[in-house]
$ cat final.txt   # compact mmCIF, C-alpha atoms and all ligand atoms
# COMPACT_ATOMS: atom_id res chain seq x y z
CA MET A 115 29.85 -13.78 -30.22
CA LYS A 116 28.08 -11.03 -32.20
CA LEU A 117 24.54 -9.73 -32.06
CA LEU A 118 22.78 -7.05 -34.07
CA ILE A 119 19.35 -5.71 -33.12
CA THR A 120 17.67 -3.59 -35.80
CA HIS A 121 14.42 -1.84 -36.71
CA ALA A 122 13.42 -0.90 -33.15
CA ALA A 123 10.42 1.42 -33.29
CA GLN A 124 12.16 3.26 -30.47
CA LEU A 125 15.62 2.52 -29.13
CA ILE A 126 16.01 4.24 -25.78
CA THR A 127 19.69 4.62 -25.01
CA MET A 128 19.63 6.50 -21.67
CA ALA A 129 23.03 7.81 -22.72
CA GLY A 130 24.88 10.59 -20.97
CA HIS A 131 24.51 9.63 -17.30
CA THR A 132 27.48 7.38 -16.70
CA GLU A 133 29.34 9.79 -14.44
CA LYS A 134 26.38 11.17 -12.52
CA PRO A 135 22.75 10.10 -12.16
CA ALA A 136 20.05 12.09 -13.92
CA VAL A 137 18.39 14.76 -11.77
CA LYS A 138 15.53 17.22 -12.21
CA GLU A 139 14.59 17.84 -15.88
CA ALA A 140 17.30 15.46 -17.08
CA MET A 141 15.23 12.61 -15.62
CA SER A 142 12.56 13.36 -18.22
CA LYS A 143 14.85 13.59 -21.23
CA LEU A 144 15.16 10.27 -23.01
CA ASP A 145 17.65 9.80 -25.80
CA ILE A 146 15.46 8.01 -28.36
CA ILE A 147 16.56 6.69 -31.74
CA GLU A 148 13.61 5.97 -34.05
CA ASN A 149 14.17 2.89 -36.22
CA GLY A 150 17.14 2.25 -33.96
CA ALA A 151 19.77 -0.46 -33.85
CA VAL A 152 22.46 -1.73 -31.52
CA TYR A 153 25.48 -3.89 -32.32
CA MET A 154 27.24 -6.02 -29.68
CA GLU A 155 30.35 -8.16 -29.60
CA ASP A 156 31.78 -10.38 -26.86
CA GLY A 157 29.26 -9.24 -24.31
CA LYS A 158 29.83 -5.51 -24.85
CA ILE A 159 27.99 -2.84 -26.79
CA VAL A 160 30.01 -1.72 -29.80
CA GLU A 161 27.72 0.80 -31.46
CA VAL A 162 24.27 2.31 -31.22
CA GLY A 163 22.60 4.14 -34.11
CA THR A 164 19.98 3.99 -36.83
CA THR A 165 19.08 0.72 -38.50
CA GLU A 166 20.30 2.09 -41.80
CA ALA A 167 23.74 2.99 -40.50
CA LEU A 168 24.32 -0.20 -38.50
CA LEU A 169 22.99 -2.53 -41.20
CA GLU A 170 25.39 -0.99 -43.65
CA LYS A 171 28.31 -1.34 -41.28
CA TYR A 172 27.63 -4.75 -39.68
CA GLY A 173 24.80 -6.32 -41.72
CA LYS A 174 27.06 -8.43 -43.87
CA SER A 175 29.24 -9.79 -41.08
CA VAL A 176 26.41 -11.17 -38.91
CA LYS A 177 24.74 -14.51 -39.59
CA ASN A 178 20.98 -14.96 -39.50
CA ASP A 179 20.97 -16.21 -35.93
CA GLU A 180 23.04 -13.20 -34.85
CA HIS A 181 20.40 -10.75 -35.99
CA ILE A 182 17.22 -9.79 -34.09
CA ASP A 183 14.55 -7.83 -35.92
CA ALA A 184 12.77 -5.57 -33.41
CA THR A 185 10.20 -4.15 -35.81
CA GLY A 186 7.32 -2.58 -33.91
CA LYS A 187 9.08 -2.99 -30.55
CA VAL A 188 10.79 -0.83 -27.95
CA VAL A 189 14.41 -1.52 -27.01
CA THR A 190 15.81 -0.33 -23.67
CA PRO A 191 18.85 -1.03 -21.51
CA GLY A 192 18.31 -4.14 -19.37
CA LEU A 193 16.33 -2.97 -16.35
CA ILE A 194 18.06 -2.75 -12.98
CA ASP A 195 16.44 -3.54 -9.63
CA PRO A 196 18.53 -1.83 -6.94
CA HIS A 197 16.76 -3.11 -3.80
CA THR A 198 15.57 -6.67 -3.23
CA HIS A 199 15.45 -9.26 -0.49
CA LEU A 200 15.86 -11.95 -3.14
CA VAL A 201 17.43 -14.66 -0.99
CA HIS A 202 14.91 -15.91 1.56
CA ALA A 203 12.78 -18.94 2.32
CA GLY A 204 9.03 -19.23 2.63
CA THR A 205 6.04 -16.96 2.18
CA ARG A 206 3.79 -14.90 4.50
CA GLU A 207 0.33 -15.00 2.96
CA ASN A 208 -1.10 -15.57 6.45
CA GLU A 209 0.16 -12.12 7.52
CA TYR A 210 -1.33 -10.61 4.39
CA ALA A 211 -4.71 -11.96 5.45
CA MET A 212 -4.16 -10.57 8.97
CA ARG A 213 -3.34 -7.14 7.56
CA LEU A 214 -6.47 -7.21 5.44
CA GLU A 215 -8.38 -7.64 8.69
CA GLY A 216 -6.71 -4.55 10.11
CA LYS A 217 -3.53 -5.75 11.84
CA ALA A 218 -0.53 -3.44 11.41
CA TYR A 219 2.68 -4.57 9.72
CA MET A 220 4.91 -3.46 12.61
CA ASP A 221 2.61 -5.04 15.24
CA ILE A 222 2.85 -8.37 13.44
CA MET A 223 6.63 -8.05 13.49
CA GLU A 224 6.72 -7.10 17.18
CA ALA A 225 4.68 -10.20 17.97
CA GLY A 226 7.32 -12.38 16.34
CA GLY A 227 5.99 -12.50 12.78
CA GLY A 228 7.14 -10.35 9.91
CA ILE A 229 10.89 -10.36 9.37
CA HIS A 230 11.18 -12.83 12.30
CA ALA A 231 8.92 -15.33 10.53
CA THR A 232 11.03 -15.21 7.38
CA THR A 233 14.17 -15.41 9.51
CA ARG A 234 12.97 -18.68 11.07
CA ALA A 235 12.20 -20.11 7.62
CA THR A 236 15.53 -18.92 6.20
CA GLN A 237 17.52 -20.26 9.14
CA ALA A 238 15.81 -23.63 8.76
CA ALA A 239 16.44 -23.82 5.01
CA SER A 240 19.51 -25.58 3.67
CA HIS A 241 21.87 -23.84 1.30
CA GLU A 242 20.33 -25.85 -1.57
CA GLU A 243 16.72 -25.03 -0.65
CA LEU A 244 17.53 -21.35 -0.36
CA TYR A 245 19.33 -21.47 -3.69
CA GLU A 246 16.45 -23.17 -5.50
CA GLN A 247 13.78 -20.82 -4.13
CA SER A 248 15.86 -17.74 -4.93
CA LYS A 249 16.81 -18.96 -8.39
CA LYS A 250 13.13 -19.23 -9.33
CA ARG A 251 12.64 -15.60 -8.39
CA LEU A 252 15.73 -14.56 -10.32
CA ASP A 253 14.35 -16.32 -13.41
CA GLN A 254 11.18 -14.28 -12.98
CA PHE A 255 13.19 -11.06 -12.77
CA LEU A 256 14.87 -11.96 -16.04
CA LEU A 257 11.53 -12.76 -17.67
CA HIS A 258 10.39 -9.26 -16.63
CA GLY A 259 13.32 -7.58 -18.36
CA VAL A 260 15.71 -7.18 -15.41
CA THR A 261 19.40 -7.93 -15.98
CA THR A 262 20.96 -6.67 -12.71
CA VAL A 263 19.55 -7.24 -9.22
CA GLU A 264 20.75 -6.07 -5.83
CA ALA A 265 20.18 -8.70 -3.13
CA LYS A 266 20.28 -8.20 0.63
CA SER A 267 20.90 -10.60 3.48
CA GLY A 268 19.02 -9.90 6.70
CA TYR A 269 16.90 -13.01 7.24
CA GLY A 270 19.75 -14.88 8.93
CA LEU A 271 20.46 -12.56 11.87
CA THR A 272 23.27 -14.84 13.09
CA LEU A 273 26.76 -14.94 11.64
CA GLU A 274 26.21 -18.44 10.26
CA HIS A 275 22.88 -17.75 8.60
CA GLU A 276 23.76 -14.29 7.31
CA MET A 277 26.78 -15.89 5.64
CA LYS A 278 24.56 -18.61 4.21
CA GLN A 279 22.34 -16.01 2.55
CA LEU A 280 25.31 -14.12 1.13
CA GLU A 281 26.95 -17.34 -0.08
CA VAL A 282 23.75 -18.29 -1.90
CA ALA A 283 23.65 -14.85 -3.53
CA ASP A 284 27.29 -15.20 -4.49
CA GLN A 285 26.70 -18.63 -6.03
CA LEU A 286 23.59 -17.45 -7.88
CA GLY A 287 25.53 -14.49 -9.24
CA LYS A 288 28.08 -16.92 -10.69
CA ASP A 289 25.55 -19.41 -12.09
CA HIS A 290 22.72 -17.20 -13.32
CA PRO A 291 22.79 -14.82 -16.29
CA VAL A 292 21.40 -11.97 -14.16
CA ASP A 293 24.14 -10.00 -12.38
CA LEU A 294 23.80 -9.90 -8.61
CA VAL A 295 25.12 -7.12 -6.40
CA SER A 296 25.18 -8.06 -2.71
CA THR A 297 24.31 -6.08 0.37
CA PHE A 298 24.89 -7.21 3.93
CA MET A 299 21.88 -6.38 6.08
CA GLY A 300 22.52 -8.14 9.36
CA ALA A 301 20.84 -5.13 10.95
CA HIS A 302 17.44 -5.96 9.51
CA ALA A 303 15.79 -6.79 12.85
CA ILE A 304 16.80 -7.37 16.44
CA PRO A 305 16.38 -11.11 17.12
CA MET A 306 13.32 -11.84 19.30
CA ASP A 307 15.39 -13.22 22.17
CA GLU A 308 17.66 -10.16 22.27
CA LYS A 309 15.00 -7.47 22.37
CA GLU A 310 15.94 -6.53 25.93
CA ASN A 311 19.57 -5.85 25.01
CA PRO A 312 19.57 -4.52 21.48
CA ASP A 313 23.08 -3.09 21.80
CA VAL A 314 24.48 -6.56 22.36
CA PHE A 315 23.16 -7.51 18.94
CA VAL A 316 24.38 -4.22 17.42
CA ASP A 317 27.85 -4.95 18.82
CA ARG A 318 27.74 -8.43 17.27
CA VAL A 319 26.85 -6.98 13.87
CA ILE A 320 29.73 -4.54 14.20
CA ASN A 321 32.38 -6.76 15.75
CA GLU A 322 31.64 -10.19 14.29
CA MET A 323 29.48 -10.01 11.20
CA ILE A 324 30.79 -6.96 9.33
CA PRO A 325 34.47 -8.01 9.59
CA GLU A 326 33.62 -11.52 8.35
CA VAL A 327 31.53 -10.24 5.42
CA ALA A 328 34.35 -7.89 4.44
CA LYS A 329 37.07 -10.51 4.88
CA ARG A 330 35.20 -12.96 2.66
CA ASN A 331 34.32 -10.21 0.19
CA LEU A 332 30.67 -11.29 0.23
CA ALA A 333 29.03 -7.87 -0.09
CA THR A 334 29.58 -4.44 -1.56
CA PHE A 335 27.05 -2.58 0.59
CA ASN A 336 25.95 -2.46 4.21
CA ASP A 337 22.28 -1.69 4.93
CA VAL A 338 20.29 -1.09 8.11
CA PHE A 339 16.56 -0.91 8.92
CA CYS A 340 16.51 2.46 10.69
CA GLU A 341 13.00 2.56 12.12
CA ARG A 342 11.30 3.15 15.46
CA GLY A 343 11.25 -0.20 17.27
CA VAL A 344 14.04 -1.60 15.11
CA PHE A 345 17.39 0.27 14.91
CA THR A 346 17.65 3.83 16.21
CA PRO A 347 19.42 6.48 14.14
CA GLU A 348 22.34 6.28 16.59
CA GLN A 349 22.65 2.49 16.31
CA SER A 350 22.23 2.78 12.54
CA ARG A 351 25.02 5.33 12.34
CA ARG A 352 27.38 3.09 14.31
CA ILE A 353 26.61 0.12 12.08
CA LEU A 354 27.04 2.07 8.86
CA GLN A 355 30.23 3.69 10.13
CA ALA A 356 31.67 0.29 11.08
CA GLY A 357 30.84 -1.02 7.62
CA LYS A 358 32.62 1.93 6.05
CA GLU A 359 35.73 1.14 8.03
CA HIS A 360 35.65 -2.32 6.41
CA GLY A 361 35.05 -0.98 2.91
CA LEU A 362 31.29 -1.60 2.84
CA ILE A 363 29.34 1.28 1.31
CA PRO A 364 26.35 2.47 3.39
CA LYS A 365 22.73 2.07 2.34
CA ILE A 366 19.75 2.62 4.57
CA HIS A 367 16.08 1.64 4.89
CA ALA A 368 14.96 5.12 5.83
CA ASP A 369 11.71 6.68 7.01
CA GLU A 370 9.61 3.75 5.82
CA ILE A 371 6.90 3.62 8.48
CA GLU A 372 7.51 6.77 10.53
CA PRO A 373 9.57 9.93 10.06
CA TYR A 374 12.84 9.03 11.85
CA ALA A 375 15.50 11.29 10.29
CA GLY A 376 16.73 8.42 8.16
CA ALA A 377 17.18 10.57 5.06
CA GLU A 378 19.26 13.03 7.08
CA LEU A 379 21.38 10.18 8.40
CA ALA A 380 21.93 8.83 4.88
CA ALA A 381 23.28 12.21 3.80
CA SER A 382 25.50 12.71 6.81
CA VAL A 383 27.01 9.22 6.71
CA GLY A 384 27.63 9.43 2.94
CA ALA A 385 25.27 6.63 1.91
CA ILE A 386 25.10 5.73 -1.78
CA SER A 387 21.32 5.51 -1.44
CA ALA A 388 18.49 5.95 1.02
CA ASP A 389 15.58 3.64 0.32
CA HIS A 390 11.81 3.76 0.98
CA LEU A 391 11.53 7.42 2.22
CA LEU A 392 7.74 7.28 2.48
CA ARG A 393 7.90 9.63 5.44
CA ALA A 394 11.13 11.49 4.68
CA SER A 395 11.23 15.07 5.96
CA ASP A 396 11.77 18.14 3.79
CA GLN A 397 15.11 18.65 5.50
CA GLY A 398 16.08 15.05 4.76
CA ILE A 399 15.17 15.46 1.11
CA LYS A 400 17.24 18.63 0.89
CA ASP A 401 20.19 16.95 2.59
CA MET A 402 20.01 14.01 0.18
CA ALA A 403 19.97 16.28 -2.86
CA GLU A 404 23.00 18.19 -1.56
CA ALA A 405 24.96 15.08 -0.63
CA GLY A 406 24.10 13.25 -3.89
CA VAL A 407 22.37 10.34 -2.16
CA VAL A 408 20.19 8.41 -4.62
CA GLY A 409 16.59 8.04 -3.41
CA VAL A 410 15.44 4.49 -4.09
CA LEU A 411 11.66 4.53 -3.99
CA LEU A 412 9.68 1.32 -3.53
CA PRO A 413 6.05 2.08 -4.35
CA GLY A 414 5.19 -1.62 -4.34
CA THR A 415 5.67 -1.52 -0.57
CA ALA A 416 3.36 1.45 -0.08
CA PHE A 417 0.84 -0.25 -2.37
CA PHE A 418 1.01 -3.56 -0.54
CA LEU A 419 1.10 -2.06 2.98
CA MET A 420 -1.73 0.28 1.98
CA ALA A 421 0.41 3.21 3.14
CA GLU A 422 1.01 6.69 1.78
CA PHE A 423 3.40 6.79 -1.13
CA ALA A 424 6.77 8.51 -1.06
CA GLU A 425 6.78 12.04 -2.43
CA ALA A 426 8.67 11.35 -5.62
CA ARG A 427 7.59 14.57 -7.26
CA LYS A 428 8.89 16.66 -4.38
CA MET A 429 12.17 14.73 -4.34
CA ILE A 430 12.81 15.04 -8.06
CA ASP A 431 11.98 18.74 -8.01
CA ALA A 432 14.37 19.17 -5.08
CA GLY A 433 17.17 17.59 -7.10
CA VAL A 434 17.28 14.09 -5.62
CA ALA A 435 18.26 11.43 -8.17
CA VAL A 436 15.36 9.02 -7.89
CA ALA A 437 15.54 5.30 -8.67
CA LEU A 438 12.75 2.73 -8.47
CA SER A 439 12.79 -0.82 -7.18
CA THR A 440 10.52 -3.72 -6.25
CA ASP A 441 11.80 -4.27 -2.67
CA ALA A 442 10.96 -7.90 -3.56
CA ASN A 443 10.35 -9.67 -0.24
CA PRO A 444 7.71 -11.99 1.22
CA GLY A 445 6.23 -9.48 3.69
CA SER A 446 5.96 -5.92 2.47
CA SER A 447 6.29 -6.33 -1.31
CA PRO A 448 5.85 -9.85 -2.67
CA THR A 449 6.49 -9.10 -6.33
CA ILE A 450 9.33 -9.32 -8.81
CA SER A 451 7.65 -7.08 -11.39
CA LEU A 452 9.72 -3.95 -11.91
CA PRO A 453 7.43 -2.98 -14.82
CA PHE A 454 4.48 -2.89 -12.39
CA ILE A 455 6.56 -0.62 -10.15
CA MET A 456 6.84 1.76 -13.12
CA ASN A 457 3.04 1.95 -13.30
CA LEU A 458 2.89 2.77 -9.59
CA GLY A 459 5.60 5.39 -10.01
CA CYS A 460 3.42 7.24 -12.50
CA LEU A 461 0.00 6.65 -11.01
CA ASN A 462 0.75 6.97 -7.31
CA MET A 463 3.89 9.09 -7.04
CA GLY A 464 3.41 11.69 -9.77
CA MET A 465 6.36 10.60 -11.88
CA THR A 466 6.34 10.91 -15.66
CA PRO A 467 6.69 7.88 -17.99
CA GLU A 468 10.13 9.21 -18.90
CA GLU A 469 11.21 9.56 -15.27
CA VAL A 470 10.22 6.00 -14.38
CA LEU A 471 12.39 4.71 -17.22
CA THR A 472 15.33 6.76 -16.00
CA ALA A 473 14.64 5.48 -12.48
CA THR A 474 14.80 1.81 -13.49
CA THR A 475 17.90 2.11 -15.69
CA VAL A 476 20.65 4.71 -15.22
CA ASN A 477 19.59 5.98 -11.82
CA ALA A 478 19.07 2.44 -10.56
CA ALA A 479 22.60 1.65 -11.75
CA HIS A 480 23.94 4.60 -9.74
CA ALA A 481 22.08 3.40 -6.64
CA ILE A 482 24.21 0.23 -6.70
CA GLY A 483 27.41 1.69 -8.11
CA CYS A 484 27.39 -0.07 -11.48
CA ALA A 485 26.68 2.82 -13.87
CA ASP A 486 30.10 2.40 -15.46
CA GLN A 487 28.93 -0.95 -16.82
CA ALA A 488 25.13 -0.96 -16.95
CA GLY A 489 22.03 1.21 -17.15
CA SER A 490 22.45 2.59 -20.67
CA LEU A 491 23.08 1.48 -24.23
CA GLU A 492 26.48 3.04 -24.89
CA PRO A 493 29.65 1.66 -26.46
CA GLY A 494 31.80 -0.22 -23.97
CA LYS A 495 29.00 -1.04 -21.55
CA LYS A 496 27.68 -4.53 -20.95
CA ALA A 497 25.41 -5.73 -23.73
CA ASP A 498 22.33 -5.93 -21.49
CA VAL A 499 19.25 -5.18 -23.57
CA THR A 500 15.51 -5.63 -23.09
CA ILE A 501 13.05 -5.68 -26.00
CA PHE A 502 9.41 -4.96 -25.18
CA ASN A 503 6.59 -5.96 -27.48
CA VAL A 504 5.01 -2.48 -27.43
CA PRO A 505 4.97 0.25 -30.09
CA ASN A 506 6.28 3.07 -27.87
CA TYR A 507 7.72 3.56 -24.39
CA LEU A 508 4.51 5.05 -22.97
CA PHE A 509 3.11 1.51 -22.93
CA LEU A 510 5.72 0.54 -20.33
CA SER A 511 3.86 2.46 -17.65
CA TYR A 512 0.42 2.37 -19.31
CA GLN A 513 -0.90 -1.20 -19.59
CA TYR A 514 -0.40 -2.62 -16.13
CA GLY A 515 -0.15 -6.04 -14.59
CA MET A 516 1.05 -7.62 -17.80
CA ASN A 517 4.47 -8.61 -18.98
CA HIS A 518 5.43 -7.00 -22.29
CA VAL A 519 8.95 -8.42 -22.36
CA ASP A 520 9.71 -10.17 -25.62
CA THR A 521 13.49 -10.61 -25.55
CA VAL A 522 16.23 -10.14 -22.98
CA VAL A 523 19.86 -10.10 -24.00
CA LYS A 524 22.34 -10.46 -21.13
CA ALA A 525 26.00 -9.79 -21.82
CA GLY A 526 25.33 -10.22 -25.52
CA VAL A 527 23.48 -13.54 -25.19
CA PRO A 528 19.71 -13.86 -25.73
CA ARG A 529 18.33 -15.38 -22.50
CA VAL A 530 14.64 -14.67 -23.03
CA VAL A 531 13.14 -15.07 -26.49
CA GLY A 532 9.45 -14.68 -27.31
CA GLY A 533 8.77 -14.15 -23.60
CA GLN A 534 10.31 -17.53 -22.67
CA LEU A 535 13.58 -18.44 -20.97
CA VAL A 536 15.98 -20.10 -23.36
O1 LIG B 1 12.21 -3.28 2.83
N1 LIG B 1 11.72 -2.74 5.97
C1 LIG B 1 12.40 -3.70 6.13
N2 LIG B 1 12.58 -4.71 5.30
C2 LIG B 1 11.74 -5.06 4.22
C3 LIG B 1 10.60 -5.89 4.61
C4 LIG B 1 11.00 -7.23 5.03
C5 LIG B 1 9.88 -8.14 5.38
O2 LIG B 1 8.76 -7.76 5.72
O3 LIG B 1 10.18 -9.34 5.32
C6 LIG B 1 11.35 -3.82 3.46
O4 LIG B 1 10.19 -3.43 3.46
FE FE B 2 13.77 -3.57 1.73
$ encode --input "final.txt" --output "structure tokens" --more "lines below"
Ligand code: NIG
Ligand code: FE
Amino acid sequence: MKLLITHAAQLITMAGHTEKPAVKEAMSKLDIIENGAVYMEDGKIVEVGTTEALLEKYGKSVKNDEHIDATGKVVTPGLIDPHTHLVHAGTRENEYAMRLEGKAYMDIMEAGGGIHATTRATQAASHEELYEQSKKRLDQFLLHGVTTVEAKSGYGLTLEHEMKQLEVADQLGKDHPVDLVSTFMGAHAIPMDEKENPDVFVDRVINEMIPEVAKRNLATFNDVFCERGVFTPEQSRRILQAGKEHGLIPKIHADEIEPYAGAELAASVGAISADHLLRASDQGIKDMAEAGVVGVLLPGTAFFLMAEFAEARKMIDAGVAVALSTDANPGSSPTISLPFIMNLGCLNMGMTPEEVLTATTVNAAHAIGCADQAGSLEPGKKADVTIFNVPNYLFLSYQYGMNHVDTVVKAGVPRVVGGQLV
């Protein structure tokens, strides 16, 4: 299987960040080839260069249907979404209406809604129902240019139902063109009927769930919602430490609603990423930069919860490698549009158009440990390529609320053509 893409107005390679994520000024430096081309074989990128050079080398050996003309378009690495709650059942539009009338997100959760509402729906859903609902969302991710998605459990909250979520993610990863990277997040909420004895639940996560997830190899990462009223920093540390002992790499929902020293914890426990960080402290930001923890920012959540945005500018200037993500979930960020998240990154967090591209490609790959295979157009990496029907990359964070994706190639195979799934 061969594929040659030529005549890209701009081919953005994102090259040079396989070993380490881009930080500081490097986040703003894009490696752009004008009139660019990329040649792929057997699912891998073989060569990247100018149209002239690659046409001369490979033009004769490819058939008509193995050649995509990207005249007037922008070609980027397939986008990567490093933080989603993809696998869940149901919707929460009723809570949205309540919030518009002034109810707070955490109060709704404390009263048994929020994560608990989605947990009830997810527990009640069969494997097949969960699969079908999640597959539809994954199709939408692909249509929006995303070729790798991280997916968390955390709406099961019992061994059985957490496993069900992870099994669905595992199956989807096998069946669907989009690559899935799984995170166990049994510590997403304390079940309503265990509120009085949270440590009993924490012990169950540590002693029953984590060993089973690890034994069945159903996740790469272990995440916890470290937040006042959910898991304390001490409980979070225990859970992340236990995961580490079973080979699960720590991630953390940190400082989302209130400052809670989550960023500091991420650094001290050696997390691969700390996510949200709306209220991260200066000390936490410094610690993250020093420890090399990727900051995954989710401006869709701040937008949708009508909260203050994370201080991306401050983090980037302090040397934190910043990535961006949708946080796709039915409560705090019901979207699958990573391109819209790029707009928010620029307009509400002070990032540059170059930085948001870095944050949704190479740095996103580092946030989920797959930069050796994805996140840039470089020889040897997976042939994951997105073609946008725009004349230059500024459009990616300029025109908002519309989908500019024309073509998505996943592992060398066109999966979206002319904006449609094929
Ligand atoms: O990342 N903060 C915790 N978890 C999700 C929200 C989940 C939900 O509301 O269903 C988040 O925002
Ligand atoms: Fe989340």
$ residues_near_ligand --input "final.txt" --ligand "ligand FE 2 (chain B)" --cutoff "9 Å" --atoms "only C-alpha atoms and all ligand atoms" --output "ChimeraX atom specification"
/A:197-199,266,302,339,367,389-390,412,415,440-443,446-447
$ closest_residue --input "final.txt" --among "A:Leu256, A:Val314, A:Leu280, A:Val338" --to "Gln534 (chain A)" --atoms "all atoms listed in the file"
A:Leu256
$ residues_near_point --input "final.txt" --point "(15.7, -21.3, 7.1)" --cutoff "10 Å" --atoms "all atoms listed in the file" --output "ChimeraX atom specification"
/A:202-204,231-241,243-244,269-270,275,278-279
$ write_last_selection --input "final.txt" --atoms "C-alpha atoms" --output "PDB file, in the coordinates of the input"
ATOM      1  CA  HIS A 202      14.910 -15.910   1.560  1.00  0.00           C
ATOM      2  CA  ALA A 203      12.780 -18.940   2.320  1.00  0.00           C
ATOM      3  CA  GLY A 204       9.030 -19.230   2.630  1.00  0.00           C
ATOM      4  CA  ALA A 231       8.920 -15.330  10.530  1.00  0.00           C
ATOM      5  CA  THR A 232      11.030 -15.210   7.380  1.00  0.00           C
ATOM      6  CA  THR A 233      14.170 -15.410   9.510  1.00  0.00           C
ATOM      7  CA  ARG A 234      12.970 -18.680  11.070  1.00  0.00           C
ATOM      8  CA  ALA A 235      12.200 -20.110   7.620  1.00  0.00           C
ATOM      9  CA  THR A 236      15.530 -18.920   6.200  1.00  0.00           C
ATOM     10  CA  GLN A 237      17.520 -20.260   9.140  1.00  0.00           C
ATOM     11  CA  ALA A 238      15.810 -23.630   8.760  1.00  0.00           C
ATOM     12  CA  ALA A 239      16.440 -23.820   5.010  1.00  0.00           C
ATOM     13  CA  SER A 240      19.510 -25.580   3.670  1.00  0.00           C
ATOM     14  CA  HIS A 241      21.870 -23.840   1.300  1.00  0.00           C
ATOM     15  CA  GLU A 243      16.720 -25.030  -0.650  1.00  0.00           C
ATOM     16  CA  LEU A 244      17.530 -21.350  -0.360  1.00  0.00           C
ATOM     17  CA  TYR A 269      16.900 -13.010   7.240  1.00  0.00           C
ATOM     18  CA  GLY A 270      19.750 -14.880   8.930  1.00  0.00           C
ATOM     19  CA  HIS A 275      22.880 -17.750   8.600  1.00  0.00           C
ATOM     20  CA  LYS A 278      24.560 -18.610   4.210  1.00  0.00           C
ATOM     21  CA  GLN A 279      22.340 -16.010   2.550  1.00  0.00           C
TER      22      GLN A 279
END
$ atom_distance --input "final.txt" --atom1 "atom C3 of ligand LIG 1 (chain B)" --atom2 "CA of Cys340 (chain A)"
11.9 Å
$ closest_residue --input "final.txt" --among "A:Ser395, A:Asn457, A:Gln247, A:Thr449" --to "Glu370 (chain A)" --atoms "only C-alpha atoms"
A:Ser395
$ residues_around --input "final.txt" --residues "Met299 (chain A)" --least-positions-apart "2" --cutoff "12 Å" --atoms "all atoms listed in the file" --output "VMD selection string"
chain A and resid 197 to 199 201 264 to 273 275 to 277 279 to 280 296 to 297 301 to 304 316 319 to 320 323 to 324 327 332 to 340 345 350 353 to 354 357 362 to 367
$ closest_residue --input "final.txt" --among "A:His181, A:Lys249, A:Arg342, A:His290" --to "ligand LIG 1 (chain B)" --atoms "all atoms listed in the file"
A:Arg342
$ residues_around --input "final.txt" --residues "Asp156 (chain A)" --least-positions-apart "5" --cutoff "7 Å" --atoms "only C-alpha atoms" --output "PDB file with C-alpha atoms, keeping the file's coordinate frame"
ATOM      1  CA  MET A 115      29.850 -13.780 -30.220  1.00  0.00           C
ATOM      2  CA  LYS A 116      28.080 -11.030 -32.200  1.00  0.00           C
ATOM      3  CA  GLY A 526      25.330 -10.220 -25.520  1.00  0.00           C
TER       4      GLY A 526
END
$ closest_residue --input "final.txt" --among "A:Leu438, A:Cys460, A:Met154, A:Leu491" --to "Leu125 (chain A)" --atoms "only C-alpha atoms"
A:Leu491
$ atom_distance --input "final.txt" --atom1 "CA of Leu510 (chain A)" --atom2 "CA of Leu144 (chain A)"
13.8 Å
$ closest_residue --input "final.txt" --among "A:Ile501, A:Met463, A:Ala388, A:Met402" --to "Ala424 (chain A)" --atoms "all atoms listed in the file"
A:Met463
$ closest_residue --input "final.txt" --among "A:Val530, A:Val292, A:Ile126, A:Ala218" --to "ligand LIG 1 (chain B)" --atoms "only C-alpha atoms and all ligand atoms"
A:Ala218
$ axis_aligned_box --input "final.txt" --around "ligand LIG 1 (chain B)" --padding-each-side "3 Å" --output "JSON"
{"center_x": 10.7, "center_y": -6.0, "center_z": 4.5, "size_x": 9.8, "size_y": 12.6, "size_z": 9.3}
$ atom_distance --input "final.txt" --atom1 "CA of His258 (chain A)" --atom2 "CA of Lys288 (chain A)"
20.2 Å
$ residues_near_point --input "final.txt" --point "(24.1, 13.9, -19.0)" --cutoff "12 Å" --atoms "all atoms listed in the file" --output "number ranges by chain"
A: 127-145, 472, 476-477, 490
$ write_last_selection --input "final.txt" --atoms "C-alpha atoms" --output "compact mmCIF listing (two decimals), in the coordinates of the input"
# COMPACT_ATOMS: atom_id res chain seq x y z
CA THR A 127 19.69 4.62 -25.01
CA MET A 128 19.63 6.50 -21.67
CA ALA A 129 23.03 7.81 -22.72
CA GLY A 130 24.88 10.59 -20.97
CA HIS A 131 24.51 9.63 -17.30
CA THR A 132 27.48 7.38 -16.70
CA GLU A 133 29.34 9.79 -14.44
CA LYS A 134 26.38 11.17 -12.52
CA PRO A 135 22.75 10.10 -12.16
CA ALA A 136 20.05 12.09 -13.92
CA VAL A 137 18.39 14.76 -11.77
CA LYS A 138 15.53 17.22 -12.21
CA GLU A 139 14.59 17.84 -15.88
CA ALA A 140 17.30 15.46 -17.08
CA MET A 141 15.23 12.61 -15.62
CA SER A 142 12.56 13.36 -18.22
CA LYS A 143 14.85 13.59 -21.23
CA LEU A 144 15.16 10.27 -23.01
CA ASP A 145 17.65 9.80 -25.80
CA THR A 472 15.33 6.76 -16.00
CA VAL A 476 20.65 4.71 -15.22
CA ASN A 477 19.59 5.98 -11.82
CA SER A 490 22.45 2.59 -20.67
$ residues_around --input "final.txt" --residues "His121 (chain A)" --least-positions-apart "6" --cutoff "6 Å" --atoms "all atoms listed in the file" --output "NGL selection string"
:A and (149-150 or 165 or 184-185)
